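A short write-up of the structure that comes next.
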Amino acid sequence: MADMQTAEAEAEAEAGKRPRSVRVVLLALMIAMMLAMLDNMIIGTAMPTIVGELGGLEHLSWVVTAYTLATAAATPVWGKLGDMYGRKGTFMTSIVLFLAGSALSGMAQDMGQLIGFRAIQGLGAGGLMVGVMAIIGDLIPPRERGKYTGMMAGVMAIAMIAGPLVGGTITDNLGWRWAFYINLPLGAVALAAVGAVLHLPKKRAKAGIDYPGVVLLTLGVTAIVLVTTWGGTEYAWTSARIMELIGIGVASLVGFVFWQTRATEPVLPLHIFRSRNFTLMSVIGFIVGFVMFGATLFLPLYQQSVQGASATNSGLLLLPMLGAMLVTSVISGRLITSTGRYKIFPILGGALMIVGLYLLSTMDTGTSRLTSGVFMAVLGLGMGCLMQITLLVAQNSVEMKDMGVASSSATLFRTLGASFGVAIMGALFNNRVQDVMAERAGALGSKVTEQSAQLDAASLAKLPAAAREAYQHAVSAGSHGAFLLGAVVTVIALAAAVFVKEVPLKGAGPKTDDTTDGTAAQAPVAEAV
């Protein structure tokens, strides 16, 4: 009897400690996610200074491209490694790799070194995002997970707003190298907290790593990202180089799918796509990435070129959209936690995104900042309803053993959507700008935009008044086409949301047999922290 009372007392004491432990882990996870989100935005602001010191202007784009390629290619691999060998060790390894890449990038002496070190940093970054999502999937039962995935969307919004401001401040006051070094103390805090507090079961897979699958998937993803990055900029869409990359990408992905049906431990098990909800969320996640990153590219350009906004605080230009996204993410997350139901949010989010994108497509040279801010807020409300749902439902649709794969797949589809969105919307925007400039400013207009349809503030200020006015009309026309395309594409997301099967989210507790549509019961937090 006394032993039983002692055991109960210890359990109560452990229960009292548990919330604090979970909060410490979640703080560390949010710091790690912030590192991955902030990095490209901070570096983007510092790039002019970096080029001024290191030279190599012709290789400038590769500083970002190397990081993006490495992140996209590594994302599914990190997810599978976490499922096979344990989440904690895999996540800590990705943090160490990211910090090593950050330190080396800060010490780079020429552009070639910087590009190589950025690739190392990107390899680690691919594991950061997946690790955060998968560990939350392990720690938090689905019923409670909504409010935490809402926090993740909030971190993303904060990073987009603060990134350019932080990058500019660090570069101006400490030097561009500190844009990389700033990751080290933050990463060390996350590493120490995860190492000390997080205790997940260790795993050891009987089968080895699916190396052929890794190689084929890496080739396919790399080719796709290069096509969307280079197409219409470095090379014409119909050029031999782009056609070669498309051929390599298609052949690699077809080979990958074929191999995954035969691999002992496939890097991306195809059986997870048998879940209707998982497949639909992959489609919705792709479209959210397509629209979101396209919008964040063209909205500041419109506001700077047409509305005369300053580029210094470019992150603040997106505040109406990102602020609305943050608020909606938090509110919807708490509603999901309290009710356990979620189907209304992807439907509502898809509808709001369509309305917001259509409203943005109506902007012209006379649209006020207040009006465009309201339009952006509508789009942000829609994205806030969808950002967390794609991950939440994807994780809720697979077994625990596939949690990492589900998280990495959700991240990968959003990344690929972003690549396609920037490329396709960018091509449409550029073509429209060049056509309108030729119509309104003749030969001068064609000459102005022959190198790039996106002029910076300095180049715009040097134009004659007539050419500048023509460019403002051209940017309005280009934005109209890009946002209208986004609205049409988002109709697919809305249609997919309608067919989502609402499987009630489970709370913490013992495993049950009610795992309809692949839903897995979750381990209680006590086992992990």
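The way I read the labels, and the way they are meant: chains A, B, ... in the order of the structure tokens, residue 1 as the first residue of every chain, and ligand 1 as the first ligand shown, with later ones counted on from there.
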
#### Entry: DSSP-assigned alpha helix (DSSP H) members of segment 91-335 of chain A, reported as JSON, numbers by chain
{"A": [91, 92, 93, 94, 95, 96, 97, 98, 99, 100, 101, 102, 103, 104, 105, 106, 111, 112, 113, 114, 115, 116, 117, 118, 119, 120, 121, 122, 123, 124, 125, 126, 127, 128, 129, 130, 131, 132, 133, 134, 135, 136, 137, 138, 139, 142, 143, 144, 145, 146, 147, 148, 149, 150, 151, 152, 153, 154, 155, 156, 157, 158, 159, 160, 161, 162, 163, 164, 165, 166, 167, 168, 169, 170, 171, 172, 173, 178, 179, 180, 181, 183, 184, 185, 186, 187, 188, 189, 190, 191, 192, 193, 194, 195, 196, 197, 211, 212, 213, 214, 215, 216, 217, 218, 219, 220, 221, 222, 223, 224, 225, 226, 227, 228, 229, 230, 240, 241, 242, 243, 244, 245, 246, 247, 248, 249, 250, 251, 252, 253, 254, 255, 256, 257, 258, 259, 260, 276, 277, 278, 279, 280, 281, 282, 283, 284, 285, 286, 287, 288, 289, 290, 291, 292, 293, 294, 295, 296, 297, 298, 299, 300, 301, 302, 303, 304, 305, 319, 320, 321, 322, 323, 324, 325, 326, 327, 328, 329, 330, 331, 332, 333, 334, 335]}

### Query
Leaving out Asp435 of chain A and any residue of its chain fewer than 4 positions from it, which residues lie within 8 Å of it when counting only C-alpha atoms, given as a PyMOL selection string?
chain A and resi 431+439+474

### Query
By how many Å are atom CA of Leu81 of chain A and atom CA of Thr261 of chain A apart?
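Interatomic distance, atom CA of Leu81 of chain A to atom CA of Thr261 of chain A: 18.7 Å.
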
### Summary
The distance between atom CA of Leu38 of chain A and atom CA of Leu392 of chain A is 22.9 Å

Find the nearest atom pair between each residue of segment 388-440 of chain A and segment 341-364 of chain A for residues within 10 Å, count only C-alpha atoms, give distances in Å to one decimal, sort rows by chain and ascending number, and present the table as a tab-separated table.
residue	atom	partner	partner_atom	distance
A:Gln388	CA	A:Pro346	CA	9.7
A:Ile389	CA	A:Pro346	CA	6.9
A:Thr390	CA	A:Pro346	CA	8.4
A:Leu392	CA	A:Tyr342	CA	9.4
A:Val393	CA	A:Tyr342	CA	8.6

Kindly export the residues of the current selection with N, CA and C atoms, as a tab-separated table (two decimals), in the first residue's frame.
chain	number	residue	atom	x	y	z
A	388	GLN	N	-1.56	25.60	-41.03
A	388	GLN	CA	-1.37	24.53	-40.05
A	388	GLN	C	-2.16	23.27	-40.39
A	389	ILE	N	-3.30	23.45	-41.06
A	389	ILE	CA	-4.17	22.32	-41.34
A	389	ILE	C	-3.48	21.27	-42.20
A	390	THR	N	-2.69	21.71	-43.17
A	390	THR	CA	-2.03	20.76	-44.07
A	390	THR	C	-1.14	19.81	-43.29
A	392	LEU	N	-1.26	19.27	-39.86
A	392	LEU	CA	-2.04	18.59	-38.83
A	392	LEU	C	-2.75	17.37	-39.40
A	393	VAL	N	-3.45	17.53	-40.51
A	393	VAL	CA	-4.21	16.43	-41.09
A	393	VAL	C	-3.28	15.40	-41.71

#### Entry: Which of A:Phe91, A:Tyr235, A:Trp259, A:Tyr302 sits closest to Ala190 of chain A [using only C-alpha atoms]
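Closest residue, counting only C-alpha atoms: A:Phe91.
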
### Query
Which polymer residues have any atom within 9 Å of an atom of Ile50 of chain A, counting only C-alpha atoms, with same-chain residues fewer than 4 positions away left out, as a PyMOL selection string?
chain A and resi 46+54-55+111+176-177

### Query
A:Val489, A:Ala406, A:Ala192, A:Leu322: which is nearest Thr296 of chain A, counting only C-alpha atoms?
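The shortest atom-to-atom distance to Thr296 of chain A comes from A:Leu322.
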
### Query
What lies within 9 Å of Ser419 of chain A using only C-alpha atoms, ignoring chain neighbours under 5 positions off, as a PyMOL selection string?
chain A and resi 224-225+228-229+289-290+293-294+414+424

Write out the residues from the selection above, keeping N, CA, C and O atoms, as a PDB file, in the first residue's frame.
ATOM      1  N   ILE A 224      13.941  19.756 -60.747  1.00  0.00           N
ATOM      2  CA  ILE A 224      12.721  20.575 -60.719  1.00  0.00           C
ATOM      3  C   ILE A 224      13.025  21.977 -60.205  1.00  0.00           C
ATOM      4  O   ILE A 224      12.596  22.983 -60.787  1.00  0.00           O
ATOM      5  N   VAL A 225      13.772  22.061 -59.105  1.00  0.00           N
ATOM      6  CA  VAL A 225      14.090  23.374 -58.526  1.00  0.00           C
ATOM      7  C   VAL A 225      14.929  24.207 -59.491  1.00  0.00           C
ATOM      8  O   VAL A 225      14.719  25.415 -59.638  1.00  0.00           O
ATOM      9  N   THR A 228      12.686  25.581 -62.296  1.00  0.00           N
ATOM     10  CA  THR A 228      11.871  26.714 -61.857  1.00  0.00           C
ATOM     11  C   THR A 228      12.710  27.922 -61.477  1.00  0.00           C
ATOM     12  O   THR A 228      12.217  29.054 -61.500  1.00  0.00           O
ATOM     13  N   THR A 229      13.977  27.711 -61.128  1.00  0.00           N
ATOM     14  CA  THR A 229      14.858  28.829 -60.774  1.00  0.00           C
ATOM     15  C   THR A 229      15.460  29.479 -62.007  1.00  0.00           C
ATOM     16  O   THR A 229      15.532  30.710 -62.108  1.00  0.00           O
ATOM     17  N   GLY A 289       1.981  26.891 -50.843  1.00  0.00           N
ATOM     18  CA  GLY A 289       3.333  27.343 -51.157  1.00  0.00           C
ATOM     19  C   GLY A 289       3.379  28.139 -52.447  1.00  0.00           C
ATOM     20  O   GLY A 289       4.053  29.169 -52.538  1.00  0.00           O
ATOM     21  N   PHE A 290       2.656  27.681 -53.453  1.00  0.00           N
ATOM     22  CA  PHE A 290       2.588  28.348 -54.755  1.00  0.00           C
ATOM     23  C   PHE A 290       2.132  29.795 -54.593  1.00  0.00           C
ATOM     24  O   PHE A 290       2.752  30.728 -55.106  1.00  0.00           O
ATOM     25  N   PHE A 293       4.404  32.255 -51.571  1.00  0.00           N
ATOM     26  CA  PHE A 293       5.710  32.802 -51.934  1.00  0.00           C
ATOM     27  C   PHE A 293       5.624  33.664 -53.192  1.00  0.00           C
ATOM     28  O   PHE A 293       6.425  34.584 -53.368  1.00  0.00           O
ATOM     29  N   GLY A 294       4.659  33.382 -54.051  1.00  0.00           N
ATOM     30  CA  GLY A 294       4.433  34.285 -55.169  1.00  0.00           C
ATOM     31  C   GLY A 294       3.947  35.634 -54.694  1.00  0.00           C
ATOM     32  O   GLY A 294       4.400  36.689 -55.154  1.00  0.00           O
ATOM     33  N   ARG A 414       5.217  21.793 -50.072  1.00  0.00           N
ATOM     34  CA  ARG A 414       5.105  23.240 -49.952  1.00  0.00           C
ATOM     35  C   ARG A 414       6.313  23.929 -50.600  1.00  0.00           C
ATOM     36  O   ARG A 414       6.168  24.964 -51.250  1.00  0.00           O
ATOM     37  N   ILE A 424       6.337  30.337 -62.254  1.00  0.00           N
ATOM     38  CA  ILE A 424       5.222  30.516 -63.194  1.00  0.00           C
ATOM     39  C   ILE A 424       4.620  31.910 -63.072  1.00  0.00           C
ATOM     40  O   ILE A 424       4.386  32.595 -64.071  1.00  0.00           O
TER      41      ILE A 424
END

### Task
Just give me the gap between atom CA of Arg23 of chain A and atom CA of Ile136 of chain A in Å, one decimal is fine.
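Atom CA of Ile136 of chain A lies at a distance of 11.4 Å from atom CA of Arg23 of chain A.
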